[in-house]
file structure37.cif (mmCIF, N, CA and C atoms)
data_target
#
loop_
_atom_site.label_atom_id
_atom_site.label_comp_id
_atom_site.auth_asym_id
_atom_site.auth_seq_id
_atom_site.Cartn_x
_atom_site.Cartn_y
_atom_site.Cartn_z
N GLN K 18 -25.68 -27.81 38.74
CA GLN K 18 -24.37 -27.24 38.44
C GLN K 18 -24.52 -26.02 37.56
N VAL K 19 -23.64 -25.07 37.80
CA VAL K 19 -23.60 -23.84 37.01
C VAL K 19 -22.18 -23.61 36.54
N GLN K 20 -22.05 -23.26 35.29
CA GLN K 20 -20.74 -22.87 34.76
C GLN K 20 -20.78 -21.37 34.45
N LEU K 21 -19.71 -20.69 34.80
CA LEU K 21 -19.62 -19.24 34.59
C LEU K 21 -18.41 -18.95 33.72
N VAL K 22 -18.63 -18.13 32.69
CA VAL K 22 -17.55 -17.80 31.76
C VAL K 22 -17.45 -16.29 31.66
N GLU K 23 -16.30 -15.75 32.05
CA GLU K 23 -16.07 -14.31 32.00
C GLU K 23 -15.39 -13.92 30.69
N SER K 24 -15.62 -12.69 30.29
CA SER K 24 -14.92 -12.12 29.14
C SER K 24 -14.90 -10.60 29.27
N GLY K 25 -14.09 -9.97 28.44
CA GLY K 25 -14.09 -8.51 28.39
C GLY K 25 -12.92 -7.83 29.06
N GLY K 26 -12.06 -8.61 29.71
CA GLY K 26 -10.90 -8.00 30.34
C GLY K 26 -9.92 -7.47 29.30
N GLY K 27 -8.94 -6.73 29.78
CA GLY K 27 -7.93 -6.19 28.89
C GLY K 27 -7.09 -5.15 29.59
N SER K 28 -6.34 -4.42 28.78
CA SER K 28 -5.47 -3.36 29.30
C SER K 28 -6.02 -2.00 28.89
N VAL K 29 -5.99 -1.07 29.81
CA VAL K 29 -6.53 0.25 29.55
C VAL K 29 -5.74 1.26 30.37
N GLN K 30 -5.72 2.49 29.92
CA GLN K 30 -5.06 3.55 30.68
C GLN K 30 -5.99 4.08 31.76
N ALA K 31 -5.40 4.65 32.79
CA ALA K 31 -6.18 5.23 33.87
C ALA K 31 -7.18 6.24 33.31
N GLY K 32 -8.39 6.17 33.85
CA GLY K 32 -9.46 7.02 33.37
C GLY K 32 -10.32 6.38 32.30
N GLY K 33 -9.86 5.26 31.79
CA GLY K 33 -10.59 4.57 30.74
C GLY K 33 -11.70 3.69 31.27
N SER K 34 -12.32 2.94 30.35
CA SER K 34 -13.47 2.09 30.70
C SER K 34 -13.31 0.71 30.10
N LEU K 35 -13.93 -0.25 30.75
CA LEU K 35 -14.04 -1.61 30.24
C LEU K 35 -15.40 -2.15 30.68
N ARG K 36 -15.92 -3.10 29.92
CA ARG K 36 -17.13 -3.80 30.32
C ARG K 36 -16.84 -5.29 30.36
N LEU K 37 -17.03 -5.88 31.51
CA LEU K 37 -16.87 -7.31 31.67
C LEU K 37 -18.21 -8.01 31.53
N SER K 38 -18.16 -9.22 30.99
CA SER K 38 -19.36 -10.04 30.85
C SER K 38 -19.16 -11.36 31.55
N CYS K 39 -20.24 -11.88 32.10
CA CYS K 39 -20.22 -13.20 32.72
C CYS K 39 -21.45 -13.96 32.24
N SER K 40 -21.21 -15.01 31.48
CA SER K 40 -22.31 -15.83 30.97
C SER K 40 -22.46 -17.07 31.83
N ALA K 41 -23.69 -17.37 32.21
CA ALA K 41 -23.98 -18.52 33.05
C ALA K 41 -24.62 -19.62 32.23
N PHE K 42 -24.17 -20.85 32.47
CA PHE K 42 -24.68 -22.02 31.76
C PHE K 42 -25.05 -23.09 32.78
N GLY K 43 -25.97 -23.95 32.36
CA GLY K 43 -26.38 -25.05 33.22
C GLY K 43 -27.66 -24.71 33.96
N TYR K 44 -27.75 -25.09 35.23
CA TYR K 44 -28.94 -24.89 36.02
C TYR K 44 -28.97 -23.46 36.54
N THR K 45 -29.30 -22.52 35.66
CA THR K 45 -29.25 -21.11 36.01
C THR K 45 -30.53 -20.62 36.69
N GLY K 46 -31.61 -21.41 36.60
CA GLY K 46 -32.88 -20.96 37.14
C GLY K 46 -32.90 -20.80 38.65
N GLY K 47 -31.96 -21.46 39.33
CA GLY K 47 -31.94 -21.39 40.79
C GLY K 47 -31.02 -20.33 41.36
N ILE K 48 -30.36 -19.56 40.48
CA ILE K 48 -29.41 -18.56 40.97
C ILE K 48 -30.13 -17.43 41.70
N VAL K 49 -29.66 -17.12 42.91
CA VAL K 49 -30.23 -16.05 43.71
C VAL K 49 -29.35 -14.80 43.65
N TYR K 50 -28.04 -15.02 43.62
CA TYR K 50 -27.10 -13.90 43.56
C TYR K 50 -26.06 -14.16 42.48
N MET K 51 -25.64 -13.10 41.82
CA MET K 51 -24.45 -13.14 40.97
C MET K 51 -23.59 -11.95 41.36
N ALA K 52 -22.30 -12.15 41.28
CA ALA K 52 -21.40 -11.11 41.79
C ALA K 52 -20.10 -11.10 41.01
N TRP K 53 -19.38 -10.01 41.17
CA TRP K 53 -18.02 -9.88 40.67
C TRP K 53 -17.09 -9.71 41.87
N PHE K 54 -15.99 -10.43 41.81
CA PHE K 54 -14.91 -10.29 42.77
C PHE K 54 -13.64 -9.97 42.00
N ARG K 55 -12.62 -9.56 42.72
CA ARG K 55 -11.33 -9.34 42.08
C ARG K 55 -10.22 -9.72 43.05
N GLN K 56 -9.09 -10.08 42.45
CA GLN K 56 -7.94 -10.44 43.26
C GLN K 56 -6.68 -9.92 42.60
N ALA K 57 -5.99 -9.04 43.30
CA ALA K 57 -4.71 -8.51 42.82
C ALA K 57 -3.59 -9.40 43.35
N PRO K 58 -2.45 -9.41 42.69
CA PRO K 58 -1.33 -10.24 43.15
C PRO K 58 -0.96 -9.94 44.59
N GLY K 59 -0.86 -10.99 45.39
CA GLY K 59 -0.47 -10.85 46.78
C GLY K 59 -1.57 -10.37 47.71
N LYS K 60 -2.77 -10.23 47.18
CA LYS K 60 -3.88 -9.75 48.00
C LYS K 60 -5.01 -10.77 48.03
N GLU K 61 -5.88 -10.63 49.01
CA GLU K 61 -7.04 -11.52 49.11
C GLU K 61 -8.09 -11.13 48.07
N ARG K 62 -8.89 -12.12 47.72
CA ARG K 62 -10.01 -11.85 46.81
C ARG K 62 -11.03 -10.97 47.53
N GLU K 63 -11.52 -9.96 46.82
CA GLU K 63 -12.46 -9.03 47.44
C GLU K 63 -13.69 -8.83 46.57
N GLY K 64 -14.80 -8.59 47.21
CA GLY K 64 -16.04 -8.36 46.49
C GLY K 64 -16.07 -7.01 45.83
N VAL K 65 -16.57 -6.95 44.61
CA VAL K 65 -16.71 -5.71 43.86
C VAL K 65 -18.17 -5.27 43.85
N GLY K 66 -19.03 -6.17 43.47
CA GLY K 66 -20.46 -5.84 43.43
C GLY K 66 -21.28 -7.09 43.23
N THR K 67 -22.52 -7.05 43.69
CA THR K 67 -23.42 -8.19 43.57
C THR K 67 -24.81 -7.71 43.19
N ILE K 68 -25.53 -8.58 42.51
CA ILE K 68 -26.90 -8.27 42.14
C ILE K 68 -27.78 -9.45 42.55
N THR K 69 -28.92 -9.13 43.14
CA THR K 69 -29.81 -10.19 43.61
C THR K 69 -30.84 -10.54 42.53
N ILE K 70 -31.58 -11.59 42.79
CA ILE K 70 -32.57 -12.06 41.82
C ILE K 70 -33.65 -11.01 41.58
N ASP K 71 -33.88 -10.13 42.58
CA ASP K 71 -34.88 -9.09 42.41
C ASP K 71 -34.27 -7.76 41.99
N GLY K 72 -33.01 -7.80 41.56
CA GLY K 72 -32.39 -6.63 40.95
C GLY K 72 -31.71 -5.65 41.89
N ARG K 73 -31.65 -5.97 43.17
CA ARG K 73 -30.94 -5.07 44.08
C ARG K 73 -29.43 -5.24 43.88
N THR K 74 -28.70 -4.14 44.07
CA THR K 74 -27.26 -4.18 43.90
C THR K 74 -26.55 -3.70 45.15
N LYS K 75 -25.35 -4.23 45.31
CA LYS K 75 -24.51 -3.83 46.44
C LYS K 75 -23.10 -3.71 45.90
N TYR K 76 -22.42 -2.62 46.21
CA TYR K 76 -21.08 -2.38 45.70
C TYR K 76 -20.09 -2.17 46.83
N ALA K 77 -18.84 -2.52 46.56
CA ALA K 77 -17.77 -2.17 47.48
C ALA K 77 -17.58 -0.65 47.44
N ASP K 78 -17.21 -0.09 48.58
CA ASP K 78 -17.02 1.36 48.65
C ASP K 78 -16.00 1.86 47.63
N SER K 79 -15.01 1.04 47.35
CA SER K 79 -13.92 1.45 46.45
C SER K 79 -14.36 1.63 45.00
N VAL K 80 -15.52 1.10 44.64
CA VAL K 80 -15.96 1.19 43.24
C VAL K 80 -17.27 1.94 43.07
N LYS K 81 -17.89 2.33 44.18
CA LYS K 81 -19.17 3.04 44.09
C LYS K 81 -19.03 4.30 43.25
N GLY K 82 -19.99 4.50 42.36
CA GLY K 82 -19.98 5.67 41.49
C GLY K 82 -19.15 5.48 40.24
N ARG K 83 -18.36 4.41 40.17
CA ARG K 83 -17.52 4.15 38.99
C ARG K 83 -17.93 2.87 38.27
N PHE K 84 -18.34 1.87 39.01
CA PHE K 84 -18.70 0.58 38.43
C PHE K 84 -20.23 0.40 38.52
N THR K 85 -20.78 -0.26 37.51
CA THR K 85 -22.22 -0.50 37.48
C THR K 85 -22.51 -1.92 37.01
N LEU K 86 -23.34 -2.60 37.78
CA LEU K 86 -23.79 -3.93 37.40
C LEU K 86 -25.07 -3.84 36.59
N SER K 87 -25.19 -4.74 35.63
CA SER K 87 -26.44 -4.90 34.91
C SER K 87 -26.53 -6.35 34.45
N GLU K 88 -27.72 -6.74 34.02
CA GLU K 88 -27.88 -8.13 33.60
C GLU K 88 -28.85 -8.23 32.45
N ASP K 89 -28.68 -9.27 31.68
CA ASP K 89 -29.61 -9.63 30.61
C ASP K 89 -30.06 -11.04 30.95
N ARG K 90 -31.21 -11.14 31.58
CA ARG K 90 -31.65 -12.46 32.07
C ARG K 90 -31.98 -13.39 30.91
N ALA K 91 -32.41 -12.84 29.80
CA ALA K 91 -32.72 -13.70 28.65
C ALA K 91 -31.46 -14.41 28.16
N LYS K 92 -30.31 -13.76 28.35
CA LYS K 92 -29.03 -14.35 27.92
C LYS K 92 -28.27 -14.95 29.08
N ASN K 93 -28.84 -14.91 30.28
CA ASN K 93 -28.15 -15.39 31.48
C ASN K 93 -26.76 -14.76 31.59
N THR K 94 -26.71 -13.46 31.39
CA THR K 94 -25.43 -12.77 31.38
C THR K 94 -25.44 -11.59 32.35
N LEU K 95 -24.36 -11.48 33.10
CA LEU K 95 -24.13 -10.38 34.03
C LEU K 95 -23.03 -9.50 33.46
N TYR K 96 -23.21 -8.20 33.58
CA TYR K 96 -22.21 -7.26 33.08
C TYR K 96 -21.68 -6.40 34.22
N LEU K 97 -20.43 -5.98 34.06
CA LEU K 97 -19.84 -5.01 34.97
C LEU K 97 -19.22 -3.90 34.13
N GLN K 98 -19.87 -2.76 34.12
CA GLN K 98 -19.34 -1.59 33.44
C GLN K 98 -18.41 -0.86 34.38
N MET K 99 -17.17 -0.72 33.97
CA MET K 99 -16.15 -0.10 34.81
C MET K 99 -15.68 1.19 34.15
N ASN K 100 -15.94 2.30 34.79
CA ASN K 100 -15.54 3.60 34.29
C ASN K 100 -14.52 4.24 35.23
N SER K 101 -13.85 5.26 34.74
CA SER K 101 -12.86 5.99 35.55
C SER K 101 -11.90 5.02 36.24
N LEU K 102 -11.39 4.10 35.47
CA LEU K 102 -10.52 3.06 36.03
C LEU K 102 -9.23 3.65 36.58
N LYS K 103 -8.76 3.03 37.66
CA LYS K 103 -7.55 3.46 38.34
C LYS K 103 -6.55 2.30 38.32
N PRO K 104 -5.26 2.61 38.45
CA PRO K 104 -4.26 1.52 38.51
C PRO K 104 -4.57 0.52 39.62
N GLU K 105 -5.15 0.96 40.71
CA GLU K 105 -5.47 0.05 41.81
C GLU K 105 -6.64 -0.88 41.49
N ASP K 106 -7.28 -0.68 40.37
CA ASP K 106 -8.33 -1.62 39.92
C ASP K 106 -7.72 -2.83 39.20
N THR K 107 -6.43 -2.79 38.97
CA THR K 107 -5.76 -3.90 38.30
C THR K 107 -5.89 -5.18 39.12
N ALA K 108 -6.42 -6.22 38.50
CA ALA K 108 -6.66 -7.48 39.20
C ALA K 108 -7.23 -8.50 38.23
N MET K 109 -7.28 -9.74 38.69
CA MET K 109 -8.08 -10.75 37.99
C MET K 109 -9.50 -10.62 38.52
N TYR K 110 -10.44 -10.52 37.62
CA TYR K 110 -11.84 -10.35 37.99
C TYR K 110 -12.58 -11.67 37.79
N TYR K 111 -13.31 -12.06 38.83
CA TYR K 111 -14.03 -13.33 38.82
C TYR K 111 -15.52 -13.10 38.97
N CYS K 112 -16.28 -13.89 38.25
CA CYS K 112 -17.72 -13.92 38.39
C CYS K 112 -18.09 -15.05 39.36
N ALA K 113 -19.13 -14.83 40.14
CA ALA K 113 -19.55 -15.84 41.10
C ALA K 113 -21.08 -15.88 41.16
N ALA K 114 -21.59 -17.03 41.59
CA ALA K 114 -23.04 -17.19 41.70
C ALA K 114 -23.37 -18.15 42.82
N ASP K 115 -24.58 -18.01 43.35
CA ASP K 115 -25.02 -18.95 44.39
C ASP K 115 -26.53 -19.06 44.40
N PHE K 116 -27.00 -20.15 45.01
CA PHE K 116 -28.43 -20.45 45.06
C PHE K 116 -29.08 -20.12 46.39
N LYS K 117 -28.29 -19.94 47.44
CA LYS K 117 -28.85 -19.84 48.78
C LYS K 117 -29.06 -18.39 49.20
N ALA K 118 -30.19 -18.15 49.84
CA ALA K 118 -30.46 -16.82 50.37
C ALA K 118 -29.53 -16.53 51.54
N ARG K 119 -28.99 -15.32 51.56
CA ARG K 119 -28.04 -14.91 52.60
C ARG K 119 -28.46 -13.57 53.16
N GLN K 120 -27.88 -13.22 54.29
CA GLN K 120 -28.11 -11.89 54.85
C GLN K 120 -27.34 -10.87 54.02
N TRP K 121 -27.93 -9.71 53.90
CA TRP K 121 -27.40 -8.65 53.04
C TRP K 121 -25.92 -8.35 53.27
N PRO K 122 -25.47 -8.23 54.51
CA PRO K 122 -24.04 -7.91 54.73
C PRO K 122 -23.07 -8.95 54.19
N LEU K 123 -23.56 -10.16 53.90
CA LEU K 123 -22.67 -11.23 53.46
C LEU K 123 -22.54 -11.31 51.94
N LEU K 124 -23.23 -10.47 51.22
CA LEU K 124 -23.30 -10.64 49.78
C LEU K 124 -22.01 -10.30 49.05
N LEU K 125 -21.04 -9.70 49.72
CA LEU K 125 -19.75 -9.47 49.10
C LEU K 125 -18.66 -10.30 49.77
N ASP K 126 -19.08 -11.34 50.47
CA ASP K 126 -18.13 -12.26 51.08
C ASP K 126 -17.82 -13.41 50.13
N VAL K 127 -16.57 -13.75 50.02
CA VAL K 127 -16.16 -14.86 49.16
C VAL K 127 -16.88 -16.14 49.55
N SER K 128 -17.05 -16.35 50.84
CA SER K 128 -17.62 -17.61 51.34
C SER K 128 -19.08 -17.80 50.97
N THR K 129 -19.74 -16.74 50.53
CA THR K 129 -21.16 -16.82 50.16
C THR K 129 -21.38 -17.59 48.87
N TYR K 130 -20.39 -17.62 48.01
CA TYR K 130 -20.58 -18.10 46.64
C TYR K 130 -19.98 -19.47 46.41
N GLN K 131 -20.78 -20.33 45.79
CA GLN K 131 -20.33 -21.69 45.51
C GLN K 131 -19.73 -21.83 44.12
N TYR K 132 -20.26 -21.07 43.18
CA TYR K 132 -19.84 -21.24 41.78
C TYR K 132 -18.99 -20.06 41.33
N TRP K 133 -17.89 -20.38 40.64
CA TRP K 133 -16.93 -19.37 40.24
C TRP K 133 -16.49 -19.59 38.79
N GLY K 134 -16.22 -18.48 38.11
CA GLY K 134 -15.62 -18.58 36.80
C GLY K 134 -14.10 -18.62 36.91
N GLN K 135 -13.45 -18.67 35.74
CA GLN K 135 -11.99 -18.78 35.71
C GLN K 135 -11.29 -17.43 35.81
N GLY K 136 -12.02 -16.38 35.58
CA GLY K 136 -11.44 -15.05 35.72
C GLY K 136 -11.05 -14.41 34.40
N THR K 137 -11.01 -13.09 34.42
CA THR K 137 -10.54 -12.31 33.28
C THR K 137 -9.68 -11.17 33.83
N GLN K 138 -8.53 -10.96 33.19
CA GLN K 138 -7.55 -10.00 33.72
C GLN K 138 -7.88 -8.58 33.28
N VAL K 139 -7.81 -7.68 34.23
CA VAL K 139 -7.95 -6.25 33.96
C VAL K 139 -6.67 -5.57 34.42
N THR K 140 -6.05 -4.84 33.51
CA THR K 140 -4.82 -4.11 33.84
C THR K 140 -5.01 -2.64 33.50
N VAL K 141 -4.79 -1.79 34.48
CA VAL K 141 -4.94 -0.35 34.30
C VAL K 141 -3.58 0.31 34.51
N SER K 142 -3.11 0.98 33.49
CA SER K 142 -1.80 1.62 33.56
C SER K 142 -1.96 3.12 33.84
N SER K 143 -0.98 3.67 34.52
CA SER K 143 -1.04 5.10 34.88
C SER K 143 -0.44 5.97 33.79
#
call {"tool": "encode", "arguments": {"input": "structure37.cif", "output": "structure tokens"}}
result
Amino acid sequence: QVQLVESGGGSVQAGGSLRLSCSAFGYTGGIVYMAWFRQAPGKEREGVGTITIDGRTKYADSVKGRFTLSEDRAKNTLYLQMNSLKPEDTAMYYCAADFKARQWPLLLDVSTYQYWGQGTQVTVSS
């Protein structure tokens, strides 16, 4: 079992920055992928970015060049640095993790991930 705890959300004006954190607890040694998803009201949950056990990253087109994933493996923590935020980035952001190897195109699919955090709200005002 893995528990994921997100933090760092908040309210910011357009053009601003936030850094989200996701701390993993429990059986973290088997994690192959960790990712961030987001869900805006009335919309489906969508992948933002994922990082593999060997450090490769994959981002949604909507955040490329603005968001950056990083990790501190000693702390079992994943970070999402969000710059140049836009009102359309407003959503609940969720951290996710999984143990199973998947094909690259599936790494931003909701169905790929078994473990989820409770989410942290990000609100970007214009």
call {"tool": "resolve_selection", "arguments": {"input": "structure37.cif", "expression": "the PyMOL selection byres (((chain K and resi 26 and name CA) around 7) and name CA)", "output": "PyMOL selection string"}}
result
chain K and resi 24-25+27+37+137-139
call {"tool": "closest_residue", "arguments": {"input": "structure37.cif", "among": "K:Tyr110, K:Ile70, K:Ala31, K:Leu124", "to": "K:Ile48", "atoms": "only N, CA and C atoms"}}
result
K:Ile70
call {"tool": "residues_around", "arguments": {"input": "structure37.cif", "residues": "K:Leu21", "least_positions_apart": "4", "cutoff": "5 Å", "atoms": "all atoms listed in the file", "output": "mmCIF file with N, CA and C atoms, in the coordinates of the input"}}
result
data_model
loop_
_atom_site.group_PDB
_atom_site.id
_atom_site.type_symbol
_atom_site.label_atom_id
_atom_site.label_comp_id
_atom_site.auth_asym_id
_atom_site.auth_seq_id
_atom_site.Cartn_x
_atom_site.Cartn_y
_atom_site.Cartn_z
ATOM 1 N N SER K 40 -21.210 -15.010 31.480
ATOM 2 C CA SER K 40 -22.310 -15.830 30.970
ATOM 3 C C SER K 40 -22.460 -17.070 31.830
ATOM 4 N N ALA K 41 -23.690 -17.370 32.210
ATOM 5 C CA ALA K 41 -23.980 -18.520 33.050
ATOM 6 C C ALA K 41 -24.620 -19.620 32.230
ATOM 7 N N GLY K 134 -16.220 -18.480 38.110
ATOM 8 C CA GLY K 134 -15.620 -18.580 36.800
ATOM 9 C C GLY K 134 -14.100 -18.620 36.910
#
call {"tool": "closest_residue", "arguments": {"input": "structure37.cif", "among": "K:Val29, K:Leu35, K:Val80, K:Cys112", "to": "K:Met51", "atoms": "only C-alpha atoms"}}
result
K:Cys112
call {"tool": "residues_around", "arguments": {"input": "structure37.cif", "residues": "K:Glu63", "least_positions_apart": "6", "cutoff": "7 Å", "atoms": "only N, CA and C atoms", "output": "list in words"}}
result
Trp53, Phe54, Arg55, Gln56, Ala57, Leu125 and Val127 of chain K
call {"tool": "resolve_selection", "arguments": {"input": "structure37.cif", "expression": "the PyMOL selection byres ((chain K and resi 97) around 6)", "output": "list in words"}}
result
Leu35, Arg36, Leu37, Ser38, Thr85, Leu86, Ser87, Leu95, Tyr96, Gln98 and Met99 of chain K
call {"tool": "resolve_selection", "arguments": {"input": "structure37.cif", "expression": "the PyMOL selection byres ((chain K and resi 114) around 6.5)", "output": "ChimeraX atom specification"}}
result
/K:48-52,112-113,115-116,129-133
call {"tool": "closest_atom_pairs", "arguments": {"input": "structure37.cif", "of": "stretch 26-74 of chain K", "to": "stretch 100-107 of chain K", "cutoff": "5 Å", "atoms": "only N, CA and C atoms", "output": "tab-separated table"}}
result
residue	atom	partner	partner_atom	distance
K:Ala31	CA	K:Leu102	C	4.4
K:Gly32	N	K:Leu102	C	3.8
K:Gly33	N	K:Leu102	N	4.2
K:Ser34	CA	K:Asn100	CA	4.4
call {"tool": "write_last_selection", "arguments": {"input": "structure37.cif", "atoms": "N, CA and C atoms", "output": "tab-separated table (two decimals), keeping the file's coordinate frame"}}
result
chain	number	residue	atom	x	y	z
K	31	ALA	N	-5.40	4.65	32.79
K	31	ALA	CA	-6.18	5.23	33.87
K	31	ALA	C	-7.18	6.24	33.31
K	32	GLY	N	-8.39	6.17	33.85
K	32	GLY	CA	-9.46	7.02	33.37
K	32	GLY	C	-10.32	6.38	32.30
K	33	GLY	N	-9.86	5.26	31.79
K	33	GLY	CA	-10.59	4.57	30.74
K	33	GLY	C	-11.70	3.69	31.27
K	34	SER	N	-12.32	2.94	30.35
K	34	SER	CA	-13.47	2.09	30.70
K	34	SER	C	-13.31	0.71	30.10
call {"tool": "atom_distance", "arguments": {"input": "structure37.cif", "atom1": "atom CA of K:Glu88", "atom2": "atom CA of K:Gly64"}}
result
17.5 Å
call {"tool": "decode", "arguments": {"input": "structure37.cif", "residues": "stretch 88-102 of chain K", "atoms": "N, CA, C and O atoms", "output": "PDB file, in the first residue's frame"}}
result
ATOM      1  N   GLU K  88      11.890  15.463  -8.408  1.00  0.00           N
ATOM      2  CA  GLU K  88      11.657  14.566  -7.274  1.00  0.00           C
ATOM      3  C   GLU K  88      12.846  14.572  -6.343  1.00  0.00           C
ATOM      4  O   GLU K  88      13.976  14.851  -6.749  1.00  0.00           O
ATOM      5  N   ASP K  89      12.561  14.264  -5.101  1.00  0.00           N
ATOM      6  CA  ASP K  89      13.587  14.057  -4.084  1.00  0.00           C
ATOM      7  C   ASP K  89      13.357  12.642  -3.576  1.00  0.00           C
ATOM      8  O   ASP K  89      12.485  12.410  -2.727  1.00  0.00           O
ATOM      9  N   ARG K  90      14.114  11.710  -4.105  1.00  0.00           N
ATOM     10  CA  ARG K  90      13.852  10.304  -3.774  1.00  0.00           C
ATOM     11  C   ARG K  90      14.179  10.005  -2.313  1.00  0.00           C
ATOM     12  O   ARG K  90      13.571   9.123  -1.715  1.00  0.00           O
ATOM     13  N   ALA K  91      15.117  10.731  -1.753  1.00  0.00           N
ATOM     14  CA  ALA K  91      15.443  10.504  -0.337  1.00  0.00           C
ATOM     15  C   ALA K  91      14.249  10.832   0.551  1.00  0.00           C
ATOM     16  O   ALA K  91      14.070  10.243   1.619  1.00  0.00           O
ATOM     17  N   LYS K  92      13.422  11.777   0.099  1.00  0.00           N
ATOM     18  CA  LYS K  92      12.237  12.179   0.862  1.00  0.00           C
ATOM     19  C   LYS K  92      10.969  11.559   0.311  1.00  0.00           C
ATOM     20  O   LYS K  92       9.886  11.856   0.807  1.00  0.00           O
ATOM     21  N   ASN K  93      11.096  10.733  -0.728  1.00  0.00           N
ATOM     22  CA  ASN K  93       9.917  10.147  -1.391  1.00  0.00           C
ATOM     23  C   ASN K  93       8.904  11.226  -1.750  1.00  0.00           C
ATOM     24  O   ASN K  93       7.708  11.091  -1.487  1.00  0.00           O
ATOM     25  N   THR K  94       9.400  12.298  -2.328  1.00  0.00           N
ATOM     26  CA  THR K  94       8.544  13.435  -2.638  1.00  0.00           C
ATOM     27  C   THR K  94       8.667  13.827  -4.110  1.00  0.00           C
ATOM     28  O   THR K  94       9.773  13.899  -4.644  1.00  0.00           O
ATOM     29  N   LEU K  95       7.525  14.075  -4.711  1.00  0.00           N
ATOM     30  CA  LEU K  95       7.429  14.547  -6.092  1.00  0.00           C
ATOM     31  C   LEU K  95       6.974  15.998  -6.059  1.00  0.00           C
ATOM     32  O   LEU K  95       6.100  16.356  -5.274  1.00  0.00           O
ATOM     33  N   TYR K  96       7.568  16.802  -6.918  1.00  0.00           N
ATOM     34  CA  TYR K  96       7.213  18.217  -6.990  1.00  0.00           C
ATOM     35  C   TYR K  96       6.687  18.559  -8.381  1.00  0.00           C
ATOM     36  O   TYR K  96       7.086  17.953  -9.381  1.00  0.00           O
ATOM     37  N   LEU K  97       5.813  19.550  -8.410  1.00  0.00           N
ATOM     38  CA  LEU K  97       5.350  20.113  -9.673  1.00  0.00           C
ATOM     39  C   LEU K  97       5.499  21.625  -9.588  1.00  0.00           C
ATOM     40  O   LEU K  97       4.750  22.271  -8.867  1.00  0.00           O
ATOM     41  N   GLN K  98       6.485  22.146 -10.282  1.00  0.00           N
ATOM     42  CA  GLN K  98       6.676  23.590 -10.359  1.00  0.00           C
ATOM     43  C   GLN K  98       5.822  24.132 -11.492  1.00  0.00           C
ATOM     44  O   GLN K  98       5.973  23.708 -12.642  1.00  0.00           O
ATOM     45  N   MET K  99       4.928  25.029 -11.152  1.00  0.00           N
ATOM     46  CA  MET K  99       3.996  25.579 -12.136  1.00  0.00           C
ATOM     47  C   MET K  99       4.276  27.067 -12.305  1.00  0.00           C
ATOM     48  O   MET K  99       4.116  27.837 -11.354  1.00  0.00           O
ATOM     49  N   ASN K 100       4.704  27.444 -13.488  1.00  0.00           N
ATOM     50  CA  ASN K 100       4.994  28.832 -13.801  1.00  0.00           C
ATOM     51  C   ASN K 100       4.032  29.345 -14.872  1.00  0.00           C
ATOM     52  O   ASN K 100       3.372  28.553 -15.546  1.00  0.00           O
ATOM     53  N   SER K 101       3.983  30.648 -15.017  1.00  0.00           N
ATOM     54  CA  SER K 101       3.124  31.273 -16.035  1.00  0.00           C
ATOM     55  C   SER K 101       1.709  30.712 -15.973  1.00  0.00           C
ATOM     56  O   SER K 101       1.122  30.339 -16.999  1.00  0.00           O
ATOM     57  N   LEU K 102       1.173  30.654 -14.781  1.00  0.00           N
ATOM     58  CA  LEU K 102      -0.148  30.051 -14.592  1.00  0.00           C
ATOM     59  C   LEU K 102      -1.231  30.847 -15.293  1.00  0.00           C
ATOM     60  O   LEU K 102      -1.166  32.084 -15.393  1.00  0.00           O
TER      61      LEU K 102
END
